[in-house]
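Structure below is protein_18.txt: compact mmCIF, C-alpha atoms.
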# COMPACT_ATOMS: atom_id res chain seq x y z
CA MET A 1 -19.24 10.02 32.64
CA ASN A 2 -17.95 6.91 34.37
CA ASP A 3 -17.42 4.50 31.55
CA ASN A 4 -14.78 2.25 33.11
CA PHE A 5 -17.03 -0.79 32.77
CA MET A 6 -16.88 -0.35 28.99
CA TYR A 7 -13.18 -1.29 29.06
CA SER A 8 -13.85 -4.55 30.88
CA LEU A 9 -13.87 -6.62 27.70
CA ARG A 10 -10.30 -5.69 26.80
CA GLN A 11 -7.67 -8.39 27.02
CA HIS A 12 -4.02 -8.83 26.10
CA PRO A 13 -3.26 -10.54 22.81
CA ASP A 14 -1.88 -14.04 23.23
CA LYS A 15 1.91 -13.91 23.57
CA ASN A 16 2.57 -16.70 21.05
CA PHE A 17 0.31 -15.04 18.52
CA SER A 18 2.07 -11.71 19.05
CA THR A 19 5.53 -13.26 18.63
CA GLN A 20 4.65 -15.25 15.53
CA LEU A 21 3.01 -12.28 13.84
CA LYS A 22 6.01 -10.08 14.64
CA ASN A 23 8.33 -12.67 13.09
CA ARG A 24 6.26 -12.75 9.91
CA LEU A 25 6.31 -8.96 9.67
CA ASP A 26 10.06 -8.86 10.25
CA GLU A 27 10.58 -11.34 7.41
CA ARG A 28 8.45 -9.15 5.18
CA THR A 29 10.47 -6.08 6.15
CA LEU A 30 13.74 -7.86 5.34
CA LYS A 31 12.48 -8.69 1.86
CA GLN A 32 11.44 -5.08 1.28
CA ALA A 33 14.59 -3.44 2.62
CA PRO A 34 17.06 -1.92 0.17
CA LYS A 35 20.11 -4.10 -0.45
CA PRO A 36 23.21 -3.11 1.60
CA ALA A 37 25.04 -2.24 -1.59
CA LEU A 38 22.53 0.54 -2.10
CA ARG A 39 24.31 2.50 0.63
CA ARG A 40 27.15 3.07 -1.82
CA ALA A 41 24.90 3.97 -4.67
CA ARG A 42 25.12 7.50 -5.94
CA LEU A 43 23.19 9.42 -8.53
CA ALA A 44 26.50 9.81 -10.35
CA PHE A 45 25.37 6.92 -12.49
CA GLY A 46 23.36 9.57 -14.22
CA PHE A 47 19.75 9.81 -15.08
CA SER A 48 20.33 9.53 -18.81
CA VAL A 49 22.05 6.17 -18.42
CA VAL A 50 19.04 4.80 -16.68
CA LEU A 51 16.72 6.21 -19.28
CA VAL A 52 18.70 4.64 -22.11
CA ILE A 53 18.78 1.34 -20.28
CA THR A 54 15.09 1.50 -19.60
CA VAL A 55 14.27 2.37 -23.16
CA ILE A 56 16.33 -0.53 -24.40
CA SER A 57 14.70 -2.94 -22.02
CA MET A 58 11.32 -1.77 -23.16
CA VAL A 59 11.96 -2.91 -26.68
CA LEU A 60 11.88 -6.56 -25.78
CA ALA A 61 8.81 -7.22 -27.84
CA VAL A 62 10.23 -10.04 -29.94
CA PRO A 63 7.27 -12.41 -30.36
CA SER A 64 9.41 -15.56 -30.56
CA VAL A 65 11.28 -14.70 -27.40
CA ARG A 66 8.06 -13.77 -25.66
CA ALA A 67 6.48 -17.07 -26.57
CA LYS A 68 9.39 -19.01 -25.08
CA LEU A 69 9.39 -16.98 -21.92
CA GLN A 70 5.66 -16.72 -21.44
CA ASP A 71 5.59 -18.98 -18.42
CA LEU A 72 8.36 -16.98 -16.74
CA VAL A 73 6.62 -13.65 -17.13
CA ILE A 74 4.92 -12.10 -14.12
CA ASN A 75 1.77 -10.24 -15.02
CA ILE A 76 0.86 -7.26 -12.85
CA GLY A 77 -2.34 -5.57 -13.97
CA GLY A 78 -1.71 -6.45 -17.61
CA GLN A 79 1.95 -5.44 -17.58
CA GLY A 80 4.38 -8.28 -18.16
CA PHE A 81 7.62 -8.43 -16.21
CA LEU A 82 10.31 -10.96 -17.03
CA VAL A 83 12.41 -11.46 -13.92
CA SER A 84 15.87 -12.41 -15.13
CA ASN A 85 19.55 -11.86 -14.55
CA GLU A 86 20.27 -11.91 -18.27
CA HIS A 87 20.49 -8.64 -20.14
CA PRO A 88 17.59 -8.44 -22.58
CA LEU A 89 19.53 -7.29 -25.62
CA ILE A 90 23.20 -8.22 -25.48
CA HIS A 91 25.03 -6.59 -28.39
CA GLN A 92 21.79 -5.96 -30.23
CA ALA A 93 20.84 -2.47 -29.15
CA THR A 94 19.45 -0.22 -31.84
CA THR A 95 19.96 3.52 -31.70
CA VAL A 96 16.68 5.33 -32.13
CA GLN A 97 16.51 9.04 -32.87
CA PRO A 98 13.50 10.63 -31.18
CA VAL A 99 11.23 13.26 -32.66
CA ALA A 100 10.44 16.27 -30.44
CA ILE A 101 6.72 17.12 -30.39
CA PRO A 102 5.15 20.19 -28.72
CA ILE A 103 3.76 19.25 -25.32
CA GLU A 104 0.39 20.80 -26.27
CA GLN A 105 -0.10 17.90 -28.66
CA ALA A 106 0.57 15.26 -26.03
CA ALA A 107 -3.05 14.57 -25.11
CA GLU A 108 -4.26 14.21 -28.68
CA ASN A 109 -1.46 11.69 -29.24
CA GLY A 110 -2.58 9.62 -26.25
CA VAL A 111 0.03 10.92 -23.81
CA ILE A 112 -1.98 12.04 -20.79
CA LEU A 113 0.09 14.07 -18.33
CA PRO A 114 -0.30 13.66 -14.56
CA THR A 115 -2.26 16.38 -12.79
CA TYR A 116 0.05 16.12 -9.77
CA ILE A 117 3.58 17.43 -10.20
CA PRO A 118 5.85 17.45 -7.14
CA GLU A 119 6.58 20.85 -5.65
CA GLY A 120 9.45 22.62 -7.40
CA PHE A 121 9.26 20.43 -10.51
CA SER A 122 8.43 21.62 -14.02
CA LEU A 123 8.66 20.25 -17.53
CA GLU A 124 12.26 20.07 -18.72
CA GLN A 125 11.18 21.18 -22.17
CA ASP A 126 7.93 22.36 -23.72
CA GLN A 127 7.95 19.24 -25.80
CA TYR A 128 8.04 15.50 -25.41
CA LEU A 129 10.12 12.94 -27.25
CA PHE A 130 8.52 10.37 -29.51
CA TYR A 131 10.40 7.20 -30.47
CA HIS A 132 9.32 4.89 -33.26
CA VAL A 133 10.96 1.58 -34.04
CA GLU A 134 10.15 -0.29 -37.23
CA ASP A 135 10.91 -3.97 -37.48
CA SER A 136 14.32 -4.56 -35.97
CA PRO A 137 16.11 -7.44 -34.25
CA GLU A 138 14.74 -6.12 -30.96
CA GLY A 139 11.17 -5.77 -32.09
CA LYS A 140 9.03 -2.74 -32.90
CA GLY A 141 6.82 -0.19 -31.25
CA ASP A 142 6.21 3.41 -30.29
CA TRP A 143 6.84 5.19 -27.05
CA ALA A 144 6.76 8.74 -25.75
CA GLU A 145 8.92 10.26 -23.06
CA VAL A 146 8.22 13.34 -20.92
CA THR A 147 10.72 14.66 -18.39
CA TRP A 148 10.30 16.96 -15.41
CA VAL A 149 13.17 18.57 -13.59
CA GLY A 150 13.10 19.70 -9.97
CA PRO A 151 15.35 21.26 -7.36
CA ASP A 152 19.01 20.20 -7.59
CA TYR A 153 18.34 18.86 -11.10
CA GLU A 154 16.42 15.88 -9.75
CA LYS A 155 14.56 14.40 -12.69
CA ILE A 156 11.43 12.36 -13.18
CA ALA A 157 10.51 10.77 -16.50
CA MET A 158 7.23 9.36 -17.73
CA ILE A 159 7.32 6.87 -20.57
CA VAL A 160 4.19 5.79 -22.40
CA SER A 161 4.43 2.73 -24.65
CA ASP A 162 2.51 -0.26 -25.94
CA SER A 163 1.42 -2.50 -23.10
CA GLU A 164 2.58 -5.56 -25.03
CA ASN A 165 6.17 -4.69 -24.21
CA ILE A 166 7.64 -6.79 -21.45
CA LYS A 167 9.92 -5.23 -18.87
CA VAL A 168 12.98 -7.26 -18.04
CA VAL A 169 14.00 -6.69 -14.45
CA GLY A 170 16.66 -8.20 -12.20
CA THR A 171 15.78 -10.89 -9.74
CA GLU A 172 14.26 -9.91 -6.41
CA SER A 173 13.87 -6.30 -7.45
CA LEU A 174 10.19 -6.28 -8.38
CA GLU A 175 7.45 -5.45 -5.90
CA GLU A 176 3.72 -5.26 -6.59
CA ILE A 177 1.90 -2.26 -5.15
CA SER A 178 -1.57 -0.75 -5.58
CA LEU A 179 -2.26 2.72 -6.90
CA LYS A 180 -5.12 4.36 -5.00
CA GLY A 181 -5.47 1.02 -3.26
CA ILE A 182 -7.04 -0.49 -6.40
CA TYR A 183 -4.88 -0.40 -9.51
CA PRO A 184 -1.94 -2.84 -9.53
CA ALA A 185 1.51 -1.59 -10.49
CA GLY A 186 5.06 -2.92 -10.43
CA LEU A 187 7.76 -1.01 -8.54
CA TYR A 188 11.41 -1.87 -8.83
CA LYS A 189 14.80 -0.37 -8.06
CA GLY A 190 17.88 -0.43 -10.25
CA GLY A 191 18.43 -0.98 -13.96
CA TRP A 192 20.52 -2.70 -16.59
CA ASP A 193 24.13 -1.60 -16.79
CA ASN A 194 24.94 -1.17 -20.46
CA ASN A 195 28.65 -1.66 -19.94
CA SER A 196 28.60 -4.87 -17.96
CA PHE A 197 25.29 -6.12 -19.39
CA ALA A 198 24.30 -7.02 -15.86
CA TRP A 199 21.43 -5.96 -13.64
CA ASN A 200 22.62 -3.27 -11.27
CA PRO A 201 20.46 -2.96 -8.15
CA THR A 202 22.61 -0.10 -6.84
CA ILE A 203 21.43 2.32 -9.49
CA PRO A 204 19.43 4.61 -7.23
CA PHE A 205 16.37 4.98 -9.41
CA TYR A 206 12.95 3.50 -9.01
CA SER A 207 10.62 2.55 -11.85
CA LEU A 208 6.89 2.41 -11.35
CA VAL A 209 5.14 0.59 -14.20
CA PHE A 210 1.45 -0.03 -14.80
CA VAL A 211 -1.08 -0.37 -17.62
CA LYS A 212 -3.79 2.22 -18.11
CA ASP A 213 -6.18 2.42 -21.05
CA GLY A 214 -4.17 -0.14 -22.97
CA LYS A 215 -0.88 1.76 -22.61
CA SER A 216 2.09 0.84 -20.49
CA ILE A 217 3.08 3.82 -18.35
CA SER A 218 6.38 4.09 -16.50
CA PHE A 219 7.46 6.74 -14.03
CA ILE A 220 11.19 6.78 -13.30
CA GLY A 221 12.93 8.79 -10.61
CA ALA A 222 14.82 8.74 -7.34
CA ASP A 223 11.83 9.14 -5.03
CA PRO A 224 9.19 6.39 -5.21
CA GLN A 225 6.69 8.43 -3.24
CA LYS A 226 6.69 11.16 -5.89
CA LEU A 227 6.29 8.55 -8.62
CA ILE A 228 3.31 6.98 -6.86
CA LEU A 229 1.58 10.33 -6.36
CA MET A 230 2.12 11.33 -9.99
CA ALA A 231 0.82 7.97 -11.19
CA GLU A 232 -2.23 8.12 -8.94
CA SER A 233 -3.08 11.56 -10.33
CA LEU A 234 -3.71 9.94 -13.72
CA TYR A 235 -6.75 8.26 -12.20
CA PRO A 236 -9.96 10.11 -11.34
CA MET B 1 23.43 16.42 -10.02
CA LYS B 2 22.10 15.74 -6.58
CA ASN B 3 24.41 13.40 -4.71
CA THR B 4 22.08 11.49 -2.41
CA SER B 5 21.91 7.78 -1.93
CA ALA B 6 18.67 5.97 -2.55
CA LEU B 7 18.85 4.60 0.96
CA THR B 8 18.77 8.11 2.35
CA ILE B 9 15.76 8.88 0.23
CA PHE B 10 14.06 5.71 1.41
CA ASN B 11 14.74 6.54 5.04
CA THR B 12 13.49 10.09 4.61
CA LEU B 13 10.23 8.73 3.24
CA GLN B 14 9.81 6.63 6.32
CA LYS B 15 10.33 9.72 8.51
CA ASN B 16 12.56 7.63 10.79
CA LEU B 17 9.57 5.66 11.98
CA ASP B 18 10.35 2.81 14.34
CA TRP B 19 8.09 0.06 13.05
CA ASP B 20 8.99 -2.19 15.99
CA ASP B 21 7.58 0.42 18.35
CA ILE B 22 4.57 0.87 16.13
CA TYR B 23 3.94 -2.87 16.25
CA GLN B 24 4.23 -3.06 20.04
CA SER B 25 1.95 -0.09 20.63
CA THR B 26 -0.62 -0.88 17.96
CA LEU B 27 -1.20 -4.62 18.26
CA PRO B 28 -3.06 -4.57 21.62
CA ASP B 29 -5.41 -1.80 20.47
CA LEU B 30 -5.91 -3.38 17.06
CA PHE B 31 -6.61 -6.79 18.58
CA ASN B 32 -9.12 -5.28 21.01
CA TYR B 33 -10.82 -3.31 18.24
CA PHE B 34 -11.49 -6.59 16.44
CA LEU B 35 -12.36 -8.30 19.72
CA TYR B 36 -15.05 -5.71 20.44
CA ARG B 37 -16.30 -6.04 16.87
CA THR B 38 -16.35 -9.84 16.61
CA ARG B 39 -16.29 -10.94 20.26
CA ASP B 40 -14.11 -13.85 19.18
CA GLU B 41 -10.42 -14.07 20.09
CA LYS B 42 -9.36 -16.25 17.14
CA ILE B 43 -11.11 -14.09 14.57
CA ALA B 44 -9.65 -10.98 16.23
CA GLN B 45 -6.19 -12.51 15.84
CA ASP B 46 -6.78 -13.35 12.17
CA LEU B 47 -8.08 -9.90 11.32
CA SER B 48 -5.24 -8.23 13.25
CA SER B 49 -2.73 -10.27 11.24
CA ILE B 50 -4.33 -9.36 7.92
CA THR B 51 -4.37 -5.68 8.86
CA LEU B 52 -0.75 -5.48 9.98
CA GLU B 53 0.53 -7.54 7.04
CA ARG B 54 -1.32 -5.20 4.70
CA ALA B 55 0.11 -2.17 6.50
CA TRP B 56 3.64 -3.57 6.41
CA SER B 57 3.31 -4.25 2.66
CA ASN B 58 2.30 -0.66 2.08
CA LYS B 59 4.78 1.13 4.34
CA LEU B 60 5.98 3.12 1.35
CA ARG B 61 2.51 4.46 0.82
CA TYR B 62 2.14 5.83 4.33
CA ARG B 63 2.11 9.64 4.37
CA SER B 64 2.80 11.22 7.72
CA ASP B 65 1.45 14.55 6.49
CA LEU B 66 -2.03 13.08 6.09
CA ALA B 67 -2.54 10.95 9.18
CA SER B 68 -0.86 9.46 12.21
CA VAL B 69 0.36 5.91 11.81
CA GLN B 70 -2.31 4.79 14.25
CA SER B 71 -5.11 6.40 12.21
CA TRP B 72 -3.65 4.98 9.01
CA ILE B 73 -3.58 1.46 10.44
CA PHE B 74 -7.11 1.73 11.81
CA GLY B 75 -8.27 2.93 8.40
CA ILE B 76 -6.88 -0.33 7.01
CA ALA B 77 -8.44 -2.27 9.90
CA ARG B 78 -11.90 -0.90 9.16
CA ASN B 79 -11.56 -1.96 5.52
CA VAL B 80 -10.42 -5.41 6.62
CA PHE B 81 -13.45 -5.71 8.87
CA LYS B 82 -15.81 -4.58 6.09
CA GLU B 83 -14.33 -7.25 3.82
CA TYR B 84 -14.78 -9.80 6.59
CA LEU B 85 -18.42 -8.77 7.04
CA ARG B 86 -19.05 -8.98 3.30
CA GLU B 87 -17.66 -12.51 3.21
CA HIS B 88 -19.81 -13.52 6.14
CA ARG B 89 -22.82 -11.41 5.28
CA ARG B 90 -25.27 -14.28 5.41
CA ASN B 91 -24.08 -15.29 8.82
CA ALA B 92 -23.35 -11.80 10.11
CA SER B 93 -26.12 -11.90 12.70
CA LYS B 94 -24.59 -14.99 14.25
CA LEU B 95 -21.04 -13.81 13.78
CA VAL B 96 -19.70 -15.59 16.82
CA PRO B 97 -21.16 -17.41 19.75
CA LEU B 98 -21.40 -15.07 22.70
CA GLU B 99 -21.08 -17.88 25.17
CA PRO B 100 -21.18 -21.67 25.14
CA GLU B 101 -24.47 -23.15 23.99
CA ASP B 102 -25.25 -24.71 27.35
CA SER B 103 -25.01 -21.36 29.09
CA GLN B 104 -27.71 -19.81 26.90
CA THR B 105 -30.44 -21.22 29.06
CA ASP B 106 -28.79 -19.68 32.09
CA LEU B 107 -28.65 -16.25 30.62
CA PHE B 108 -31.01 -14.80 33.16
CA ASP B 109 -29.85 -16.88 36.06
CA ARG B 110 -28.45 -14.15 38.29
CA ASN B 111 -26.16 -16.52 40.10
CA LYS B 112 -24.40 -17.67 37.00
CA PHE B 113 -24.57 -14.45 35.17
CA ASP B 114 -21.37 -12.73 34.17
CA THR B 115 -21.54 -8.99 33.62
CA LYS B 116 -18.99 -9.29 30.83
CA ILE B 117 -21.24 -11.69 28.96
CA LEU B 118 -24.14 -9.31 29.41
CA LEU B 119 -22.08 -6.39 28.14
CA LYS B 120 -21.00 -8.43 25.11
CA ARG B 121 -24.57 -9.34 24.37
CA LEU B 122 -25.82 -5.77 24.75
CA ILE B 123 -23.06 -4.45 22.47
CA ALA B 124 -23.90 -7.13 19.90
CA MET B 125 -27.50 -5.90 19.88
CA LEU B 126 -26.51 -2.32 19.07
CA PRO B 127 -26.85 -0.96 15.51
CA GLU B 128 -23.76 -1.42 13.34
CA LYS B 129 -22.61 2.22 13.55
CA GLU B 130 -22.89 2.25 17.32
CA GLN B 131 -20.90 -0.98 17.58
CA GLU B 132 -18.20 0.65 15.48
CA LEU B 133 -18.08 3.68 17.77
CA ILE B 134 -17.80 1.45 20.84
CA ALA B 135 -15.05 -0.67 19.26
CA LEU B 136 -13.02 2.37 18.24
CA LYS B 137 -13.40 4.06 21.62
CA TYR B 138 -13.09 1.19 24.10
CA GLY B 139 -11.42 -1.50 22.00
CA ALA B 140 -8.97 0.56 19.97
CA GLY B 141 -8.63 3.21 22.65
CA LEU B 142 -8.88 6.10 20.18
CA ASN B 143 -9.91 9.51 21.45
CA ASN B 144 -12.99 11.32 20.13
CA ARG B 145 -10.96 13.47 17.77
CA GLU B 146 -9.32 10.46 16.13
CA ILE B 147 -12.65 8.67 15.86
CA ALA B 148 -14.26 11.77 14.34
CA LYS B 149 -11.59 11.91 11.66
CA LEU B 150 -11.93 8.22 10.83
CA LEU B 151 -15.72 8.31 10.64
CA HIS B 152 -15.97 11.77 9.04
CA LEU B 153 -18.03 13.10 11.95
CA SER B 154 -17.56 16.13 14.17
CA GLU B 155 -15.78 15.58 17.45
CA SER B 156 -18.80 16.79 19.46
CA ASN B 157 -21.08 14.45 17.52
CA VAL B 158 -18.84 11.52 18.44
CA GLY B 159 -18.85 12.56 22.10
CA THR B 160 -22.63 12.97 22.22
CA ARG B 161 -23.32 9.66 20.53
CA LEU B 162 -20.92 7.80 22.79
CA PHE B 163 -22.44 9.37 25.88
CA ARG B 164 -25.94 8.24 24.86
CA ILE B 165 -24.82 4.73 23.96
CA VAL B 166 -22.88 4.22 27.18
CA GLU B 167 -25.70 5.61 29.32
CA SER B 168 -28.15 3.33 27.58
CA LEU B 169 -25.91 0.33 28.14
CA ARG B 170 -25.40 1.24 31.78
CA LYS B 171 -29.15 1.44 32.40
CA LYS B 172 -29.75 -1.89 30.70
CA MET B 173 -27.04 -3.51 32.78
CA GLU B 174 -28.42 -2.03 35.99
CA VAL B 175 -31.89 -3.27 35.14
CA ASP B 176 -30.64 -6.75 34.33
CA ASN B 177 -28.58 -6.92 37.49
CA GLU B 178 -31.33 -5.74 39.82
When written as structure tokens, how does the structure in this file appear?
Amino acid sequence: MNDNFMYSLRQHPDKNFSTQLKNRLDERTLKQAPKPALRRARLAFGFSVVLVITVISMVLAVPSVRAKLQDLVINIGGQGFLVSNEHPLIHQATTVQPVAIPIEQAAENGVILPTYIPEGFSLEQDQYLFYHVEDSPEGKGDWAEVTWVGPDYEKIAMIVSDSENIKVVGTESLEEISLKGIYPAGLYKGGWDNNSFAWNPTIPFYSLVFVKDGKSISFIGADPQKLILMAESLYP
Amino acid sequence: MKNTSALTIFNTLQKNLDWDDIYQSTLPDLFNYFLYRTRDEKIAQDLSSITLERAWSNKLRYRSDLASVQSWIFGIARNVFKEYLREHRRNASKLVPLEPEDSQTDLFDRNKFDTKILLKRLIAMLPEKEQELIALKYGAGLNNREIAKLLHLSESNVGTRLFRIVESLRKKMEVDNE
């Protein structure tokens, strides 16, 4: 079939248009690229450190503080993020002892597990951890934590908590993405360093946070792609 | 504990893709896809920009095990075009002028007639699905297999449909140019 005439409408994109668009995309890429310091980052920081830091930052549910900061909070799909360089709870951290609950009871307690688990990963324990904080200087609330462990001890945690909790994240670390192309979620790298009380963008863990069925759900791990796939498997 | 930097992980996810190359190779095809669909250069530029900006924002979501980058980007492009059509639904039939108003009266003046204008007009008169096939094949430059995957059709079905459409267009052009 001679169909050469069908190509006759093709034309080259305008050069100025092409250059300007490329510049815009390059700027976008620069904003998305990991910071140079990340090259030095190592998992030696330890997964548990990040978990503790994350858990602490989740407890920022103090109504008076929230009211003052309301206009600074970024809302992504119902999840509040306070972008700040100030540690959320300087010298006020409360130690919370978790209760271990059999994993079989997770669903009935509102902790829905993802149907997708990355290859080679399995539950670290046949139970999940439940934290409950009564009134304290940091606030109050419940959250549950499930951990999977994979090859080379790579870990992924899922934390389910009240959606009213605001995540405090370092500046320029938060990115909005869509799960399944529809559901908004916040993705950020790094965490709060409990020793220096500063945001540390070199901590090589990603947190993916979104609200589903009135609960705030966080997936934390080294590989954002795995986190996204696990999160998307929570949706039909 | 695994001793791998996050940057390494990030780069692995991207499968060492060269996004500069992807831009250079994709833009002409993307622009022409929209040009065949809208027949308007400015709108084709706008829709190409929206598509590539959306793709660049979602680089992390690209999975090389599911589709080629080209197919992934054209999947986004088709959604962008659907959104554009929805926004302009009421005016969809007069999406863009095919030629300047004053040339309309000369449409059948053989001396002034441009075969490109005729081809544009004939494509614009095709059903929506056939216009999409033409745009993907001759605008985007995709092969039948890639089109079949995008449209959820069999490869032979795509080939047969395209053959019929092109033959029909050729006959119409021959008749109009006689």
| message | So that I can see what lies close to Thr160 (chain B), please list as a list of chain:residue names the residues with an atom at most 12 Å from it, counting only C-alpha atoms and leaving out residues fewer than 5 positions away in the same chain. | response | A:Met1, B:Glu130, B:Leu133, B:Asn144, B:Ala148, B:Leu153, B:Ser154, B:Glu155, B:Ile165, B:Val166, B:Glu167
request  = Measure the distance from CA of Arg37 (chain B) to CA of Thr115 (chain B) in Å and round it to one decimal.
outcome  =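 The value is 17.8 Å.
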Can you measure CA of Asp193 (chain A) to CA of Ser216 (chain A) for me? One decimal in Å is fine.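 Computing it gives 22.5 Å between the two atoms.
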Shell of 10 Å around Gln11 (chain A), only C-alpha atoms, local chain residues under 3 positions omitted, as a ChimeraX atom specification: /A:7-8,14 /B:28-29,31-32,35,41,139
Write the residues of the preceding selection, restricted to C-alpha atoms, as a compact mmCIF listing (two decimals), in the frame of the given file.
# COMPACT_ATOMS: atom_id res chain seq x y z
CA TYR A 7 -13.18 -1.29 29.06
CA SER A 8 -13.85 -4.55 30.88
CA ASP A 14 -1.88 -14.04 23.23
CA PRO B 28 -3.06 -4.57 21.62
CA ASP B 29 -5.41 -1.80 20.47
CA PHE B 31 -6.61 -6.79 18.58
CA ASN B 32 -9.12 -5.28 21.01
CA LEU B 35 -12.36 -8.30 19.72
CA GLU B 41 -10.42 -14.07 20.09
CA GLY B 139 -11.42 -1.50 22.00
Starting from 4 Å padding per side, set up an axis-aligned box that covers all listed atoms of region 48-63 of chain B and hand over centre and edge lengths in Å, one decimal, as AutoDock Vina command-line options.
--center_x 0.4 --center_y -0.3 --center_z 7.0 --size_x 19.2 --size_y 27.9 --size_z 20.4
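CA of Phe121 (chain A) is found 27.8 Å from CA of Gln79 (chain A).
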Worksheet entry | Option closest in space to chain A, from B:Leu47, B:Ala67, B:Val175, B:Leu119 [counting only C-alpha atoms] |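 Using only C-alpha atoms, chain A sits closest to B:Leu119.
Those residues that approach Ser122 (chain A) to within 12 Å, counting all atoms listed in the file, are Pro114, Thr115, Tyr116, Ile117, Pro118, Glu119, Gln125, Asp126, Val146, Thr147, Trp148, Val149, Gly150, Pro151, Tyr153, Glu154, Lys155, Ile156 and Ala157 of chain A; same-chain residues fewer than 3 positions away are not listed.
Among A:Phe5, A:Phe210, A:Tyr128, A:Trp143, the residue with the shortest atom-to-atom distance to Leu179 (chain A), counting all atoms listed in the file, is A:Phe210.
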>> Using all atoms listed in the file, which protein or nucleic acid residues come within 12 Å of region 230-234 of chain A? Drop anything in the same chain fewer than 3 positions from it, and give the result as a PyMOL selection string.
In response: (chain A and resi 111-119+121+148+156-160+177-187+207-213+216-221+223-227) or (chain B and resi 61)
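Minimum atom-to-atom distances from A:Pro204, A:Phe130, A:Gly214, A:Ile74 to chain B were compared using only C-alpha atoms, and the lowest value belongs to A:Pro204.
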Contacts of Phe163 (chain B) within 10 Å, all atoms listed in the file, excl. fewer than 5 positions in-chain, as a list in words: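 Here the qualifying residues turn out to be Met1, Asn2 and Asp3 of chain A; Asn157, Val158, Ser168 and Leu169 of chain B.
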Where atoms are missing, can you supply N, CA and C atoms for region 145-160 of chain B and output the lot as a short mmCIF file (atom, residue, chain, number, x, y, z; two decimals), in the coordinates of the input?
data_model
loop_
_atom_site.label_atom_id
_atom_site.label_comp_id
_atom_site.auth_asym_id
_atom_site.auth_seq_id
_atom_site.Cartn_x
_atom_site.Cartn_y
_atom_site.Cartn_z
N ARG B 145 -11.44 12.74 18.95
CA ARG B 145 -10.96 13.47 17.77
C ARG B 145 -10.52 12.49 16.68
N GLU B 146 -9.80 11.45 17.11
CA GLU B 146 -9.32 10.46 16.13
C GLU B 146 -10.49 9.69 15.52
N ILE B 147 -11.47 9.37 16.37
CA ILE B 147 -12.65 8.67 15.86
C ILE B 147 -13.41 9.56 14.86
N ALA B 148 -13.54 10.83 15.21
CA ALA B 148 -14.26 11.77 14.34
C ALA B 148 -13.62 11.82 12.96
N LYS B 149 -12.29 11.82 12.94
CA LYS B 149 -11.59 11.91 11.66
C LYS B 149 -11.80 10.63 10.85
N LEU B 150 -11.76 9.49 11.54
CA LEU B 150 -11.93 8.22 10.83
C LEU B 150 -13.34 8.07 10.26
N LEU B 151 -14.32 8.53 11.04
CA LEU B 151 -15.72 8.31 10.64
C LEU B 151 -16.32 9.52 9.91
N HIS B 152 -15.51 10.55 9.71
CA HIS B 152 -15.97 11.77 9.04
C HIS B 152 -17.16 12.39 9.80
N LEU B 153 -17.01 12.46 11.11
CA LEU B 153 -18.03 13.10 11.95
C LEU B 153 -17.36 14.24 12.70
N SER B 154 -18.17 15.10 13.33
CA SER B 154 -17.56 16.13 14.17
C SER B 154 -17.21 15.50 15.52
N GLU B 155 -16.24 16.12 16.18
CA GLU B 155 -15.78 15.58 17.45
C GLU B 155 -16.93 15.61 18.49
N SER B 156 -17.71 16.69 18.48
CA SER B 156 -18.80 16.79 19.46
C SER B 156 -19.88 15.75 19.17
N ASN B 157 -20.10 15.48 17.89
CA ASN B 157 -21.08 14.45 17.52
C ASN B 157 -20.66 13.09 18.06
N VAL B 158 -19.36 12.80 17.93
CA VAL B 158 -18.84 11.52 18.44
C VAL B 158 -19.06 11.45 19.94
N GLY B 159 -18.72 12.54 20.64
CA GLY B 159 -18.85 12.56 22.10
C GLY B 159 -20.30 12.36 22.54
N THR B 160 -21.21 13.07 21.86
CA THR B 160 -22.63 12.97 22.22
C THR B 160 -23.16 11.55 22.00
#
